[in-house]
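Q: Below is the file query.txt, which contains compact mmCIF, C-alpha atoms and all ligand atoms.
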# COMPACT_ATOMS: atom_id res chain seq x y z
CA MET Q 1 -21.77 7.46 31.41
CA PRO Q 2 -21.33 3.95 32.82
CA ASP Q 3 -24.40 1.76 32.91
CA ARG Q 4 -25.50 1.25 36.51
CA ARG Q 5 -26.66 -2.29 35.76
CA LEU Q 6 -23.00 -3.12 35.29
CA ARG Q 7 -20.85 -2.76 38.35
CA THR Q 8 -19.33 0.60 39.09
CA HIS Q 9 -16.06 -1.22 39.69
CA PRO Q 10 -16.23 -4.17 37.34
CA PRO Q 11 -13.74 -6.98 37.74
CA GLU Q 12 -10.40 -6.26 36.09
CA GLY Q 13 -9.99 -7.74 32.68
CA VAL Q 14 -7.02 -10.06 32.20
CA GLU Q 15 -5.14 -11.08 29.08
CA ILE Q 16 -6.26 -13.90 26.84
CA GLN Q 17 -3.12 -15.53 25.50
CA ALA Q 18 -2.73 -18.20 22.86
CA ARG Q 19 0.72 -19.74 22.54
CA ALA Q 20 1.54 -22.07 19.64
CA LEU Q 21 -2.07 -23.20 19.78
CA THR Q 22 -2.70 -26.06 17.36
CA LYS Q 23 -5.70 -28.22 16.51
CA ARG Q 24 -5.68 -31.01 13.98
CA TYR Q 25 -8.83 -32.76 12.79
CA GLY Q 26 -7.57 -35.79 10.86
CA GLY Q 27 -5.78 -34.32 7.85
CA THR Q 28 -7.01 -30.77 8.55
CA LEU Q 29 -4.90 -28.32 10.54
CA ALA Q 30 -7.76 -26.13 11.75
CA VAL Q 31 -5.45 -24.06 14.01
CA ASP Q 32 -1.77 -24.01 13.16
CA GLY Q 33 0.67 -22.75 15.81
CA LEU Q 34 -1.41 -19.69 16.63
CA SER Q 35 -0.06 -17.16 19.16
CA PHE Q 36 -1.78 -13.91 20.12
CA THR Q 37 -2.73 -11.74 23.08
CA ALA Q 38 -6.04 -9.96 23.69
CA ARG Q 39 -5.53 -7.10 26.15
CA PRO Q 40 -7.82 -5.70 28.85
CA GLY Q 41 -9.47 -2.33 28.28
CA VAL Q 42 -9.77 -2.65 24.52
CA VAL Q 43 -12.01 -4.39 22.00
CA THR Q 44 -10.05 -6.99 20.03
CA GLY Q 45 -11.45 -8.21 16.73
CA PHE Q 46 -10.59 -11.80 15.82
CA LEU Q 47 -10.87 -11.81 12.07
CA GLY Q 48 -10.63 -14.49 9.42
CA PRO Q 49 -12.60 -15.89 6.51
CA ASN Q 50 -14.94 -18.83 6.97
CA GLY Q 51 -12.99 -21.91 7.99
CA ALA Q 52 -9.95 -19.92 9.23
CA GLY Q 53 -10.09 -21.59 12.64
CA LYS Q 54 -11.74 -18.88 14.74
CA SER Q 55 -14.48 -21.02 16.27
CA THR Q 56 -12.04 -23.86 16.90
CA THR Q 57 -9.72 -21.43 18.74
CA LEU Q 58 -12.58 -20.12 20.89
CA ARG Q 59 -13.79 -23.65 21.62
CA MET Q 60 -10.30 -24.54 22.87
CA LEU Q 61 -10.31 -21.42 25.04
CA PHE Q 62 -13.48 -22.69 26.70
CA GLY Q 63 -12.21 -26.24 27.08
CA LEU Q 64 -14.83 -27.53 24.62
CA SER Q 65 -12.11 -28.88 22.39
CA ARG Q 66 -8.69 -30.17 23.41
CA PRO Q 67 -5.67 -28.58 21.69
CA THR Q 68 -3.41 -30.90 19.70
CA GLY Q 69 -0.60 -28.62 20.89
CA GLY Q 70 0.07 -25.30 22.61
CA THR Q 71 -2.04 -23.44 25.15
CA VAL Q 72 -4.70 -20.81 25.45
CA THR Q 73 -5.07 -19.10 28.81
CA ILE Q 74 -7.08 -16.46 30.64
CA GLY Q 75 -4.91 -14.39 32.94
CA GLY Q 76 -2.25 -17.09 32.61
CA ARG Q 77 -4.55 -19.93 33.61
CA ARG Q 78 -6.52 -22.47 31.66
CA LEU Q 79 -10.30 -22.18 32.05
CA ALA Q 80 -10.43 -25.43 34.01
CA ASP Q 81 -8.01 -23.96 36.57
CA LEU Q 82 -9.95 -20.74 37.22
CA ASP Q 83 -11.30 -20.33 40.75
CA ASP Q 84 -14.49 -18.65 39.64
CA PRO Q 85 -14.98 -19.05 35.87
CA ALA Q 86 -18.45 -17.42 35.68
CA ARG Q 87 -17.13 -14.22 37.27
CA THR Q 88 -13.93 -14.29 35.23
CA ILE Q 89 -15.08 -14.98 31.68
CA GLY Q 90 -18.35 -14.89 29.76
CA ALA Q 91 -19.00 -16.42 26.35
CA LEU Q 92 -21.35 -16.10 23.44
CA LEU Q 93 -20.45 -19.08 21.28
CA ASP Q 94 -23.74 -20.10 19.69
CA ALA Q 95 -26.71 -17.79 20.29
CA ARG Q 96 -29.07 -20.50 19.03
CA ALA Q 97 -28.05 -22.88 21.81
CA VAL Q 98 -31.18 -22.23 23.88
CA HIS Q 99 -33.99 -24.57 24.89
CA PRO Q 100 -36.81 -23.41 22.55
CA HIS Q 101 -39.63 -23.89 25.07
CA ARG Q 102 -37.82 -22.28 27.97
CA THR Q 103 -38.50 -18.59 28.64
CA ALA Q 104 -35.65 -16.12 28.49
CA ALA Q 105 -35.84 -15.61 32.27
CA ASP Q 106 -35.82 -19.36 32.95
CA HIS Q 107 -32.90 -19.83 30.59
CA LEU Q 108 -30.92 -17.24 32.55
CA LEU Q 109 -32.07 -18.60 35.92
CA THR Q 110 -30.77 -22.03 34.98
CA PHE Q 111 -27.35 -20.56 34.18
CA ALA Q 112 -27.33 -18.33 37.27
CA HIS Q 113 -28.19 -21.29 39.48
CA ALA Q 114 -25.54 -23.54 37.91
CA ALA Q 115 -22.89 -20.84 38.39
CA GLY Q 116 -23.96 -19.97 41.94
CA LEU Q 117 -24.98 -16.43 41.01
CA ALA Q 118 -27.75 -14.34 42.61
CA ARG Q 119 -31.23 -14.58 41.02
CA THR Q 120 -31.33 -10.80 40.96
CA ARG Q 121 -28.73 -10.82 38.18
CA VAL Q 122 -31.35 -12.28 35.80
CA GLY Q 123 -33.50 -9.13 35.88
CA GLU Q 124 -30.40 -6.94 35.68
CA VAL Q 125 -28.96 -8.59 32.59
CA LEU Q 126 -32.37 -8.77 30.86
CA ASP Q 127 -32.67 -5.06 31.44
CA LEU Q 128 -29.14 -4.46 30.23
CA VAL Q 129 -29.74 -6.17 26.87
CA GLY Q 130 -33.21 -4.69 26.41
CA LEU Q 131 -35.13 -7.95 26.79
CA SER Q 132 -37.10 -7.20 29.98
CA GLY Q 133 -40.33 -7.04 27.97
CA ALA Q 134 -39.70 -10.51 26.52
CA ALA Q 135 -38.57 -12.19 29.76
CA THR Q 136 -41.53 -14.60 29.91
CA ARG Q 137 -41.57 -15.49 26.21
CA PRO Q 138 -40.14 -18.82 25.03
CA ALA Q 139 -36.65 -18.29 23.59
CA GLY Q 140 -37.64 -20.46 20.61
CA GLU Q 141 -39.87 -17.60 19.41
CA PHE Q 142 -37.01 -15.11 19.43
CA SER Q 143 -35.57 -13.55 16.29
CA LEU Q 144 -31.84 -14.05 15.73
CA GLY Q 145 -31.21 -10.54 17.05
CA MET Q 146 -33.13 -11.33 20.25
CA GLN Q 147 -31.28 -14.64 20.59
CA GLN Q 148 -27.99 -12.72 20.30
CA ARG Q 149 -29.16 -10.37 23.06
CA LEU Q 150 -30.12 -13.33 25.24
CA GLY Q 151 -26.71 -14.86 24.54
CA ILE Q 152 -25.03 -11.63 25.65
CA ALA Q 153 -27.22 -11.54 28.76
CA THR Q 154 -26.08 -15.09 29.57
CA ALA Q 155 -22.44 -14.12 29.05
CA LEU Q 156 -22.84 -11.12 31.38
CA LEU Q 157 -24.58 -12.98 34.21
CA GLY Q 158 -21.41 -13.30 36.28
CA ASP Q 159 -20.36 -9.71 35.44
CA PRO Q 160 -17.07 -11.11 34.09
CA GLY Q 161 -13.91 -9.15 33.36
CA VAL Q 162 -13.38 -11.06 30.10
CA LEU Q 163 -15.98 -11.47 27.38
CA VAL Q 164 -15.56 -13.66 24.31
CA LEU Q 165 -18.15 -13.39 21.54
CA ASP Q 166 -18.23 -15.58 18.43
CA GLU Q 167 -19.69 -13.62 15.49
CA PRO Q 168 -21.85 -11.39 17.74
CA LEU Q 169 -22.88 -9.10 14.87
CA ASN Q 170 -24.08 -11.95 12.66
CA GLY Q 171 -27.70 -11.60 11.60
CA LEU Q 172 -28.30 -8.34 13.46
CA ASP Q 173 -30.17 -5.45 11.90
CA PRO Q 174 -28.43 -2.03 11.79
CA GLU Q 175 -29.94 -0.96 15.12
CA GLY Q 176 -28.83 -4.26 16.72
CA ILE Q 177 -25.32 -3.84 15.30
CA ARG Q 178 -25.07 -0.34 16.73
CA TRP Q 179 -26.30 -1.57 20.09
CA MET Q 180 -23.81 -4.46 20.17
CA ARG Q 181 -20.91 -2.19 19.16
CA THR Q 182 -21.74 0.34 21.85
CA LEU Q 183 -22.04 -2.39 24.46
CA MET Q 184 -18.67 -3.89 23.52
CA ARG Q 185 -17.01 -0.48 23.61
CA ASP Q 186 -18.61 0.38 26.97
CA LEU Q 187 -17.54 -2.93 28.50
CA ALA Q 188 -13.98 -2.44 27.26
CA ALA Q 189 -13.93 1.14 28.56
CA GLN Q 190 -14.63 -0.30 32.02
CA GLY Q 191 -11.36 -2.21 31.80
CA ARG Q 192 -12.71 -5.54 30.59
CA THR Q 193 -11.13 -7.70 27.92
CA ILE Q 194 -13.42 -8.02 24.91
CA LEU Q 195 -12.57 -10.50 22.15
CA PHE Q 196 -15.04 -10.92 19.31
CA SER Q 197 -14.77 -12.87 16.10
CA SER Q 198 -15.97 -11.88 12.67
CA HIS Q 199 -15.45 -12.95 9.08
CA LEU Q 200 -16.18 -9.42 7.84
CA MET Q 201 -13.57 -6.69 7.98
CA SER Q 202 -16.30 -4.06 7.74
CA GLU Q 203 -17.63 -5.23 11.11
CA LEU Q 204 -14.30 -4.50 12.75
CA GLU Q 205 -13.79 -1.03 11.35
CA LEU Q 206 -16.07 0.75 13.78
CA THR Q 207 -15.69 -1.63 16.69
CA ALA Q 208 -12.18 -2.94 17.27
CA ASP Q 209 -9.12 -1.26 18.75
CA ASP Q 210 -6.87 -4.27 18.13
CA VAL Q 211 -7.06 -6.88 15.40
CA ILE Q 212 -5.93 -10.48 15.24
CA VAL Q 213 -6.20 -11.67 11.65
CA VAL Q 214 -6.04 -15.39 10.85
CA GLY Q 215 -6.12 -17.38 7.64
CA ARG Q 216 -6.00 -21.17 7.43
CA GLY Q 217 -5.40 -21.39 11.16
CA ARG Q 218 -2.31 -19.17 11.01
CA LEU Q 219 -1.67 -15.69 12.31
CA ILE Q 220 -1.56 -13.10 9.53
CA ALA Q 221 -1.53 -9.92 11.63
CA GLU Q 222 -1.72 -8.92 15.28
CA THR Q 223 -1.73 -5.18 15.72
CA THR Q 224 -3.90 -2.14 16.37
CA LEU Q 225 -6.60 -1.51 13.80
CA GLU Q 226 -5.00 1.87 13.10
CA ARG Q 227 -1.60 0.36 12.35
CA PHE Q 228 -3.18 -2.46 10.36
CA VAL Q 229 -4.86 0.11 8.12
CA GLU Q 230 -1.71 2.22 7.86
CA GLU Q 231 0.59 -0.69 7.01
CA ASN Q 232 -1.65 -2.62 4.69
CA THR Q 233 -3.76 -0.25 2.67
CA THR Q 234 -2.30 1.14 -0.50
CA ARG Q 235 -3.17 4.65 -1.56
CA THR Q 236 -4.42 5.03 -5.09
CA VAL Q 237 -4.87 8.15 -7.17
CA THR Q 238 -7.54 7.96 -9.85
CA VAL Q 239 -6.86 10.23 -12.80
CA ARG Q 240 -8.93 10.76 -15.92
CA THR Q 241 -8.39 12.77 -19.06
CA SER Q 242 -9.79 12.99 -22.57
CA THR Q 243 -6.25 12.33 -23.87
CA PRO Q 244 -5.39 9.03 -22.12
CA ASP Q 245 -2.57 8.07 -24.52
CA ALA Q 246 -0.67 11.28 -23.75
CA LEU Q 247 -1.20 10.82 -20.01
CA ALA Q 248 -0.04 7.19 -20.15
CA ARG Q 249 3.18 8.34 -21.91
CA ALA Q 250 3.76 11.07 -19.31
CA LEU Q 251 3.16 8.71 -16.38
CA ARG Q 252 5.43 6.05 -17.89
CA ALA Q 253 8.17 8.62 -18.51
CA SER Q 254 7.94 9.72 -14.86
CA GLY Q 255 8.40 6.15 -13.67
CA VAL Q 256 5.23 5.96 -11.55
CA ASP Q 257 3.20 2.76 -11.21
CA PHE Q 258 -0.17 2.93 -12.89
CA ALA Q 259 -2.81 0.74 -14.45
CA ALA Q 260 -5.49 1.56 -16.99
CA ARG Q 261 -9.03 0.93 -15.82
CA PRO Q 262 -11.87 -0.26 -18.10
CA ASP Q 263 -13.59 3.13 -17.72
CA SER Q 264 -10.47 4.72 -19.37
CA SER Q 265 -9.23 6.28 -16.12
CA PHE Q 266 -5.85 5.37 -14.61
CA ALA Q 267 -5.15 4.04 -11.13
CA VAL Q 268 -1.80 5.42 -9.96
CA THR Q 269 -0.13 3.90 -6.91
CA GLY Q 270 2.90 4.80 -4.86
CA THR Q 271 2.60 8.56 -5.27
CA ASP Q 272 0.28 11.37 -4.28
CA ALA Q 273 -2.35 13.31 -6.23
CA SER Q 274 -0.31 16.48 -6.38
CA THR Q 275 2.60 14.68 -8.12
CA VAL Q 276 0.21 13.16 -10.66
CA GLY Q 277 -1.28 16.61 -11.27
CA LYS Q 278 2.19 18.10 -11.84
CA ILE Q 279 3.18 15.33 -14.28
CA ALA Q 280 0.05 16.07 -16.32
CA ALA Q 281 0.51 19.84 -16.12
CA ALA Q 282 4.14 19.61 -17.30
CA GLU Q 283 2.88 17.99 -20.50
CA GLY Q 284 -0.06 20.39 -20.87
CA ILE Q 285 -2.58 17.58 -20.31
CA ALA Q 286 -6.00 18.74 -19.05
CA LEU Q 287 -7.45 16.49 -16.36
CA ASP Q 288 -11.15 15.72 -15.93
CA GLU Q 289 -10.71 13.94 -12.61
CA LEU Q 290 -8.01 13.62 -9.95
CA VAL Q 291 -9.09 11.68 -6.85
CA ARG Q 292 -7.14 10.19 -3.98
CA ALA Q 293 -8.53 6.96 -2.51
CA ARG Q 294 -7.51 4.29 -0.06
CA GLU Q 295 -8.00 0.61 -0.75
CA SER Q 296 -10.95 -0.57 1.33
CA LEU Q 297 -10.18 -2.62 4.42
CA GLU Q 298 -12.36 -5.39 3.02
CA ASP Q 299 -10.08 -5.53 -0.05
CA VAL Q 300 -6.97 -5.62 2.17
CA PHE Q 301 -8.42 -8.41 4.24
CA LEU Q 302 -9.41 -10.46 1.18
CA ARG Q 303 -5.96 -9.99 -0.34
CA LEU Q 304 -4.14 -10.96 2.87
CA THR Q 305 -6.30 -13.97 3.62
CA HIS Q 306 -6.21 -15.07 -0.01
CA ASP Q 307 -2.40 -15.06 0.16
CA ALA Q 308 -2.61 -17.17 3.30
CA THR Q 309 -4.87 -19.62 1.55
CA GLU Q 310 -2.47 -19.87 -1.36
CA TYR Q 311 0.45 -20.38 0.99
CA GLY Q 312 -1.49 -23.00 2.88
CA SER Q 313 -2.31 -24.98 -0.22
CA HIS Q 314 1.30 -24.88 -1.46
CA ALA Q 315 2.59 -25.95 1.93
CA ALA Q 316 0.14 -28.83 2.21
N1 LIG Q 401 -15.29 -31.02 14.58
C1 LIG Q 401 -14.59 -30.89 13.45
N2 LIG Q 401 -14.19 -31.94 12.74
C2 LIG Q 401 -13.47 -31.82 11.61
N3 LIG Q 401 -13.11 -30.64 11.09
C3 LIG Q 401 -13.48 -29.54 11.74
C4 LIG Q 401 -14.25 -29.58 12.94
N4 LIG Q 401 -14.45 -28.30 13.35
C5 LIG Q 401 -13.86 -27.50 12.45
N5 LIG Q 401 -13.27 -28.23 11.47
C6 LIG Q 401 -12.49 -27.70 10.34
O1 LIG Q 401 -11.52 -26.83 10.86
C7 LIG Q 401 -11.37 -25.67 10.04
C8 LIG Q 401 -11.61 -24.43 10.86
O2 LIG Q 401 -12.98 -24.33 11.19
P1 LIG Q 401 -13.59 -23.23 12.16
O3 LIG Q 401 -15.06 -23.49 12.29
O4 LIG Q 401 -12.80 -23.16 13.39
O5 LIG Q 401 -13.36 -21.90 11.33
P2 LIG Q 401 -13.99 -20.47 11.52
O6 LIG Q 401 -12.89 -19.52 11.24
O7 LIG Q 401 -14.68 -20.38 12.81
O8 LIG Q 401 -15.02 -20.41 10.34
P3 LIG Q 401 -16.53 -19.91 10.36
O9 LIG Q 401 -16.46 -18.43 10.24
O10 LIG Q 401 -17.07 -20.59 9.14
O11 LIG Q 401 -17.16 -20.40 11.63
C9 LIG Q 401 -12.32 -25.87 8.87
O12 LIG Q 401 -11.60 -26.43 7.80
C10 LIG Q 401 -13.34 -26.83 9.40
O13 LIG Q 401 -13.91 -27.60 8.36
Translate the structure described by the file into structure tokens.

A:
Amino acid sequence: MPDRRLRTHPPEGVEIQARALTKRYGGTLAVDGLSFTARPGVVTGFLGPNGAGKSTTLRMLFGLSRPTGGTVTIGGRRLADLDDPARTIGALLDARAVHPHRTAADHLLTFAHAAGLARTRVGEVLDLVGLSGAATRPAGEFSLGMQQRLGIATALLGDPGVLVLDEPLNGLDPEGIRWMRTLMRDLAAQGRTILFSSHLMSELELTADDVIVVGRGRLIAETTLERFVEENTTRTVTVRTSTPDALARALRASGVDFAARPDSSFAVTGTDASTVGKIAAAEGIALDELVRARESLEDVFLRLTHDATEYGSHAA
């Protein structure tokens, strides 16, 4: 059920588009010809290891850093050209960027005033992020999780159709992570565009519909999470027997790819469990274990971004 503190008819989300976006810091290409689109109505995860260029990309989106080349736009327009930026796009870039002695309510009032928004929004967004009880406490006393909630409240002040969150799950406890995930999904379900960055694949798995994966400032993948998993994870069959030499001979003779593991099991790739079982049965080999597994997304991500790092260092 939609949350009544958000509008019943929230503003339409619009696309965030990066086109050949590039940022050079001296000899470092922090963002290297990056192009992607984040769509309305879905949660898009912006994923890359530390130093991949995520924050730099988001800073360029908000006009906090000037691109060396290319563009990044919101609904086809640069942030500076938006008629009503606070009602179009909200940001959580650095949750710790609060005045430590200012109360949460005052912090929000300052933003609401600067953006020409109604004071009543302050109470609404505090309520929405579960901080009503801490409204009069100085933000400097807040835990990281509370600071993240205050940051989200700030981003939601203008009830924007586009929300961009830099590492929103960082430092949150499991309850906070669940809350943030649900909020992102609810906001996307209302038709908003939600783009959030993370350096952990595991954070995307339960949250994102679409993924934009970057390494060394370059695009590695831009697809749905489902397709990303389907196209990039390899299926492995683990097989164990008390006669490993015989099984190794049988597998080799059948031409399947396999590797011996230190625990004396075999990891077979490129075929299914039933085929492995039949190969063993044909040779009369008794199996102690036959398990199908998928490579974890975290492993896929590390492999893909490692390759990008290697490529980057060769190209440099
Ligand atoms: N102001 C700056 N001056 C010089 N180099 C910078 C600056 N900001 C970022 N960089 C460099 O640009 C690259 C990309 O950094 P960026 O912070 O955008 O990555 P990130 O993907 O957000 O990583 P993290 O997850 O660590 O925040 C890094 O090599 C970083 O050292």

Q: Which chains and residue numbers are within 10 Å of ligand LIG 401 (chain Q), counting only C-alpha atoms and all ligand atoms, if I want them as a PDB file with C-alpha atoms, in the coordinates of the input?

A:
ATOM      1  CA  LYS Q  23      -5.700 -28.220  16.510  1.00  0.00           C
ATOM      2  CA  ARG Q  24      -5.680 -31.010  13.980  1.00  0.00           C
ATOM      3  CA  TYR Q  25      -8.830 -32.760  12.790  1.00  0.00           C
ATOM      4  CA  GLY Q  26      -7.570 -35.790  10.860  1.00  0.00           C
ATOM      5  CA  GLY Q  27      -5.780 -34.320   7.850  1.00  0.00           C
ATOM      6  CA  THR Q  28      -7.010 -30.770   8.550  1.00  0.00           C
ATOM      7  CA  LEU Q  29      -4.900 -28.320  10.540  1.00  0.00           C
ATOM      8  CA  ALA Q  30      -7.760 -26.130  11.750  1.00  0.00           C
ATOM      9  CA  VAL Q  31      -5.450 -24.060  14.010  1.00  0.00           C
ATOM     10  CA  PHE Q  46     -10.590 -11.800  15.820  1.00  0.00           C
ATOM     11  CA  LEU Q  47     -10.870 -11.810  12.070  1.00  0.00           C
ATOM     12  CA  GLY Q  48     -10.630 -14.490   9.420  1.00  0.00           C
ATOM     13  CA  PRO Q  49     -12.600 -15.890   6.510  1.00  0.00           C
ATOM     14  CA  ASN Q  50     -14.940 -18.830   6.970  1.00  0.00           C
ATOM     15  CA  GLY Q  51     -12.990 -21.910   7.990  1.00  0.00           C
ATOM     16  CA  ALA Q  52      -9.950 -19.920   9.230  1.00  0.00           C
ATOM     17  CA  GLY Q  53     -10.090 -21.590  12.640  1.00  0.00           C
ATOM     18  CA  LYS Q  54     -11.740 -18.880  14.740  1.00  0.00           C
ATOM     19  CA  SER Q  55     -14.480 -21.020  16.270  1.00  0.00           C
ATOM     20  CA  THR Q  56     -12.040 -23.860  16.900  1.00  0.00           C
ATOM     21  CA  THR Q  57      -9.720 -21.430  18.740  1.00  0.00           C
ATOM     22  CA  LEU Q  58     -12.580 -20.120  20.890  1.00  0.00           C
ATOM     23  CA  ARG Q  59     -13.790 -23.650  21.620  1.00  0.00           C
ATOM     24  CA  MET Q  60     -10.300 -24.540  22.870  1.00  0.00           C
ATOM     25  CA  SER Q  65     -12.110 -28.880  22.390  1.00  0.00           C
ATOM     26  CA  ASP Q 166     -18.230 -15.580  18.430  1.00  0.00           C
ATOM     27  CA  GLU Q 167     -19.690 -13.620  15.490  1.00  0.00           C
ATOM     28  CA  SER Q 197     -14.770 -12.870  16.100  1.00  0.00           C
ATOM     29  CA  SER Q 198     -15.970 -11.880  12.670  1.00  0.00           C
ATOM     30  CA  HIS Q 199     -15.450 -12.950   9.080  1.00  0.00           C
ATOM     31  CA  LEU Q 200     -16.180  -9.420   7.840  1.00  0.00           C
ATOM     32  CA  VAL Q 214      -6.040 -15.390  10.850  1.00  0.00           C
ATOM     33  CA  GLY Q 215      -6.120 -17.380   7.640  1.00  0.00           C
ATOM     34  CA  ARG Q 216      -6.000 -21.170   7.430  1.00  0.00           C
ATOM     35  CA  GLY Q 217      -5.400 -21.390  11.160  1.00  0.00           C
TER      36      GLY Q 217
END

Q: Would you mind reading off the distance between CA of Ala208 in chain Q and CA of Thr193 in chain Q, one decimal, in Å?

A: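 Computed distance, CA of Ala208 in chain Q to CA of Thr193 in chain Q, equals 11.7 Å.
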
Q: Show me the residues around (1.3, -23.8, 15.1) - criterion: an atom at most 10 Å away, only C-alpha atoms counted - as a count of residues only.

A: 18

Q: If you measure from CA of Leu187 in chain Q to CA of Phe142 in chain Q, what distance in Å do you get, rounded to one decimal?

A: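 About the pair CA of Leu187 in chain Q and CA of Phe142 in chain Q: they are 24.7 Å apart.
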
Q: Rounded to one decimal in Å, what is the spacing between CA of Thr223 in chain Q and CA of Arg303 in chain Q?

A: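 Result for CA of Thr223 in chain Q versus CA of Arg303 in chain Q: 17.3 Å, one decimal.
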
Q: Write out as a PDB file with C-alpha atoms, in the coordinates of the input the residues lying within 8 Å of Asp288 in chain Q, counting only C-alpha atoms and excluding same-chain residues fewer than 5 positions away.

A:
ATOM      1  CA  VAL Q 239      -6.860  10.230 -12.800  1.00  0.00           C
ATOM      2  CA  ARG Q 240      -8.930  10.760 -15.920  1.00  0.00           C
ATOM      3  CA  THR Q 241      -8.390  12.770 -19.060  1.00  0.00           C
ATOM      4  CA  SER Q 242      -9.790  12.990 -22.570  1.00  0.00           C
TER       5      SER Q 242
END

Q: Fewer than 2 positions away in the same chain doesn't count, so skip those; otherwise give me all residues within 9 Å of Leu92 in chain Q, counting only C-alpha atoms, as a PyMOL selection string.

A: chain Q and resi 90+94-95+148+151-152+154-155+163-168

Q: Tell me which protein, DNA and RNA residues are within 12 Å of Arg137 in chain Q, counting only C-alpha atoms, leaving out same-chain ones fewer than 2 positions away, and put them as an NGL selection string.

A: :Q and (99-107 or 131-135 or 139-143 or 146-147 or 150)

Q: Taking all atoms listed in the file into account, which of Q:Leu157, Q:Phe62, Q:Ile194, Q:Leu93 comes nearest Thr120 in chain Q?

A: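 Looking only at the distances to Thr120 in chain Q, the closest residue turns out to be Q:Leu157.
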
Q: Could you name the residues that touch range 233-237 of chain Q at 10 Å or less, counting all atoms listed in the file, but leaving out those on the same chain fewer than 4 positions away, as a ChimeraX atom specification?

A: /Q:227-229,258,266-276,289-297,299-301

Q: Considering only C-alpha atoms, state which residue in the set Q:Trp179, Q:Asp81, Q:Asn232, Q:Ile279 is at the smallest distance from Ser254 in chain Q.

A: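 Going through Q:Trp179, Q:Asp81, Q:Asn232, Q:Ile279 one by one, the smallest distance to Ser254 in chain Q is for Q:Ile279.
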
Q: Which residues are near Ala18 in chain Q? Cut-off 6 Å, all atoms listed in the file, ignore same chain within fewer than 4 positions. Put them as a list in words.

A: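 Using all atoms listed in the file, the neighbours found are Ser35, Phe36, Thr71 and Val72 of chain Q.
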
Q: Would you compute an axis-aligned box for range 86-90 of chain Q, covering every atom listed for it in the file with 8 Å of margin on each side, and report centre and edge lengths in Å to one decimal as JSON?

A:
{"center_x": -16.2, "center_y": -15.8, "center_z": 33.5, "size_x": 20.5, "size_y": 19.2, "size_z": 23.5}

Q: Any chance you could model N, CA and C atoms for range 19-30 of chain Q and send them as a JSON list (two decimals), keeping the file's coordinate frame?

A:
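File written: selection-v1.json
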[["chain", "number", "residue", "atom", "x", "y", "z"],
["Q", 19, "ARG", "N", -0.69, -19.50, 22.81],
["Q", 19, "ARG", "CA", 0.72, -19.74, 22.54],
["Q", 19, "ARG", "C", 0.89, -21.05, 21.77],
["Q", 20, "ALA", "N", 1.31, -20.91, 20.52],
["Q", 20, "ALA", "CA", 1.54, -22.07, 19.64],
["Q", 20, "ALA", "C", 0.34, -23.01, 19.62],
["Q", 21, "LEU", "N", -0.84, -22.42, 19.71],
["Q", 21, "LEU", "CA", -2.07, -23.20, 19.78],
["Q", 21, "LEU", "C", -2.31, -23.94, 18.45],
["Q", 22, "THR", "N", -2.56, -25.22, 18.56],
["Q", 22, "THR", "CA", -2.70, -26.06, 17.36],
["Q", 22, "THR", "C", -3.85, -27.04, 17.55],
["Q", 23, "LYS", "N", -4.65, -27.19, 16.49],
["Q", 23, "LYS", "CA", -5.70, -28.22, 16.51],
["Q", 23, "LYS", "C", -5.76, -28.91, 15.16],
["Q", 24, "ARG", "N", -5.62, -30.22, 15.21],
["Q", 24, "ARG", "CA", -5.68, -31.01, 13.98],
["Q", 24, "ARG", "C", -6.93, -31.88, 14.02],
["Q", 25, "TYR", "N", -7.71, -31.84, 12.95],
["Q", 25, "TYR", "CA", -8.83, -32.76, 12.79],
["Q", 25, "TYR", "C", -8.44, -33.70, 11.64],
["Q", 26, "GLY", "N", -8.00, -34.88, 11.93],
["Q", 26, "GLY", "CA", -7.57, -35.79, 10.86],
["Q", 26, "GLY", "C", -6.50, -35.11, 10.03],
["Q", 27, "GLY", "N", -6.76, -34.95, 8.74],
["Q", 27, "GLY", "CA", -5.78, -34.32, 7.85],
["Q", 27, "GLY", "C", -5.86, -32.81, 7.85],
["Q", 28, "THR", "N", -6.82, -32.22, 8.58],
["Q", 28, "THR", "CA", -7.01, -30.77, 8.55],
["Q", 28, "THR", "C", -6.35, -30.11, 9.74],
["Q", 29, "LEU", "N", -5.46, -29.13, 9.45],
["Q", 29, "LEU", "CA", -4.90, -28.32, 10.54],
["Q", 29, "LEU", "C", -5.81, -27.10, 10.68],
["Q", 30, "ALA", "N", -6.78, -27.21, 11.59],
["Q", 30, "ALA", "CA", -7.76, -26.13, 11.75],
["Q", 30, "ALA", "C", -7.11, -24.91, 12.39]]
